[in-house]
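Everything below concerns the one structure shown next.
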Amino acid sequence: PAVAAAAPPTDAKDDDDCDDVKAAGHRGTTGANSRRRHLGDDLAEQSIQVVLAKRFAPSRDAPSPGFPAFDAHKRLVGFYHEESSDNSTHIVFVRADDPAVRLDHKDWERATDAYEKEIQSKSDCVFTLARYENLERLKEECAIYFWSKEPFLGR
């Protein structure tokens, strides 16, 4: 049986089916808004229980926001994606309702459908906080799994 899709938060902007990743830092503005946004991002990230180690494919022609991350109630919370700088790569979290992500209503449903499909098939791309005990290890293991599945592009 299908699970009802989590509706986007009422303050979400309208502006996998999973397939990209985000964790060591947060995008933001400056001043008090930045502190509030950072706190909100931290709280959202702390609710994550499951991550699908596949890039989410939005319904429109747009880049993938990353690996979809869900809370204990199967609601899409945000995405993890890679950010590289100075010879290092970080897995960075971004909330699903962040205006930069630009999800539409179909995307929220597609994310829930992807979650259900991967859970039901007992897919290897399903990573749970219960198995890895902390978010840092969960993010790391997701990225390693994903990178191990990417085709080698060198010649």
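A note on labels: chains of the structure tokens are A, B, ... as shown, every chain counts residues from 1, and ligands are counted from 1 in their shown order.
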
Polymer residues at most 8 Å from Pro58 (chain A), only C-alpha atoms, same-chain spacing of 6 or more positions, as a VMD selection string: chain A and resid 64 103 107

For Tyr132 (chain A), list every protein, DNA or RNA residue within 12 Å, evaluated using only C-alpha atoms, and leave out those in the same chain fewer than 4 positions away; present the list as a tab-separated table (two decimals) with N, CA and C atoms, in the first residue's frame.
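Everything below was put into around-v7.tsv:
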```tsv
chain	number	residue	atom	x	y	z
A	49	GLN	N	16.29	10.09	9.70
A	49	GLN	CA	16.41	8.69	10.09
A	49	GLN	C	16.84	7.80	8.93
A	50	VAL	N	16.51	8.21	7.70
A	50	VAL	CA	16.79	7.38	6.52
A	50	VAL	C	17.28	8.28	5.39
A	51	VAL	N	18.31	7.80	4.69
A	51	VAL	CA	18.82	8.49	3.50
A	51	VAL	C	18.89	7.47	2.37
A	126	VAL	N	19.40	2.10	0.76
A	126	VAL	CA	18.73	2.60	1.96
A	126	VAL	C	19.71	2.58	3.13
A	127	PHE	N	19.97	3.76	3.69
A	127	PHE	CA	20.87	3.90	4.83
A	127	PHE	C	20.09	4.46	6.01
A	128	THR	N	20.16	3.78	7.15
A	128	THR	CA	19.39	4.20	8.32
A	128	THR	C	20.30	4.67	9.45
A	136	GLU	N	27.07	11.71	11.02
A	136	GLU	CA	28.33	11.82	10.29
A	136	GLU	C	28.69	10.50	9.61
A	137	ARG	N	28.57	9.43	10.34
A	137	ARG	CA	28.89	8.11	9.76
A	137	ARG	C	27.87	7.74	8.69
A	138	LEU	N	26.60	8.04	8.93
A	138	LEU	CA	25.55	7.76	7.95
A	138	LEU	C	25.86	8.49	6.63
A	139	LYS	N	26.19	9.78	6.71
A	139	LYS	CA	26.51	10.55	5.51
A	139	LYS	C	27.73	9.98	4.79
A	140	GLU	N	28.74	9.63	5.55
A	140	GLU	CA	29.96	9.09	4.98
A	140	GLU	C	29.69	7.77	4.26
A	141	GLU	N	28.95	6.90	4.89
A	141	GLU	CA	28.64	5.59	4.29
A	141	GLU	C	27.78	5.73	3.03
A	142	CYS	N	26.84	6.67	3.04
A	142	CYS	CA	26.02	6.93	1.84
A	142	CYS	C	26.91	7.37	0.68
```

Expected answer as a PyMOL selection string: alpha helix (DSSP H) residues in region 39-128 of chain A: chain A and resi 39-46+105-120

Emit the selected residues as a CSV table (one decimal), in the first residue's frame, including C-alpha atoms.
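Writing the result to result-v7.csv gives the following:
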```csv
chain,number,residue,atom,x,y,z
A,39,LEU,CA,19.4,26.6,13.6
A,40,GLY,CA,16.5,25.5,11.5
A,41,ASP,CA,18.8,23.5,9.2
A,42,ASP,CA,20.4,21.8,12.2
A,43,LEU,CA,17.0,20.9,13.7
A,44,ALA,CA,15.8,19.5,10.4
A,45,GLU,CA,19.0,17.5,9.9
A,46,GLN,CA,18.7,16.1,13.4
A,105,HIS,CA,4.5,19.3,-5.5
A,106,LYS,CA,5.2,16.4,-7.8
A,107,ASP,CA,8.7,16.2,-6.4
A,108,TRP,CA,7.4,15.7,-2.9
A,109,GLU,CA,5.3,12.8,-4.1
A,110,ARG,CA,8.1,11.3,-6.2
A,111,ALA,CA,10.4,11.4,-3.2
A,112,THR,CA,7.9,9.6,-1.0
A,113,ASP,CA,7.3,7.0,-3.8
A,114,ALA,CA,11.0,6.5,-4.2
A,115,TYR,CA,11.3,6.0,-0.4
A,116,GLU,CA,8.5,3.3,-0.5
A,117,LYS,CA,10.0,1.6,-3.5
A,118,GLU,CA,13.5,1.3,-2.1
A,119,ILE,CA,12.3,0.2,1.4
A,120,GLN,CA,9.9,-2.4,-0.1
```

Nearby residues (only C-alpha atoms) at most 10 Å from Ala62 (chain A), same-chain spacing under 5 positions excluded, as a list in words: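 Surrounding residues, per the criterion: Ala57, Val101, Arg102 and Leu103 of chain A.
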
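CA of Phe56 (chain A) sits 13.3 Å away from CA of Glu82 (chain A).
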
Backbone DSSP call of strand (DSSP E or B) for region 17-143 of chain A, listed as an MDAnalysis selection string: chainID A and resid 50:52 67:70 76:85 88:95 126:128

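CA of Ala53 (chain A) lies 7.0 Å from CA of Tyr145 (chain A).
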
Selection: 7 Å around Phe70 (chain A), only C-alpha atoms, excl. self and same-chain fewer than 2 positions, as a PyMOL selection string: chain A and resi 48-51+68+72+74-77

Separation of CA of Ser88 (chain A) from CA of Leu52 (chain A) in Å: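 That distance, rounded to one decimal, is 22.7 Å.
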
Nearest-residue call for Leu135 (chain A), choices A:Ser47, A:Ser85, A:Ser121, A:Ser59, using only C-alpha atoms: A:Ser47
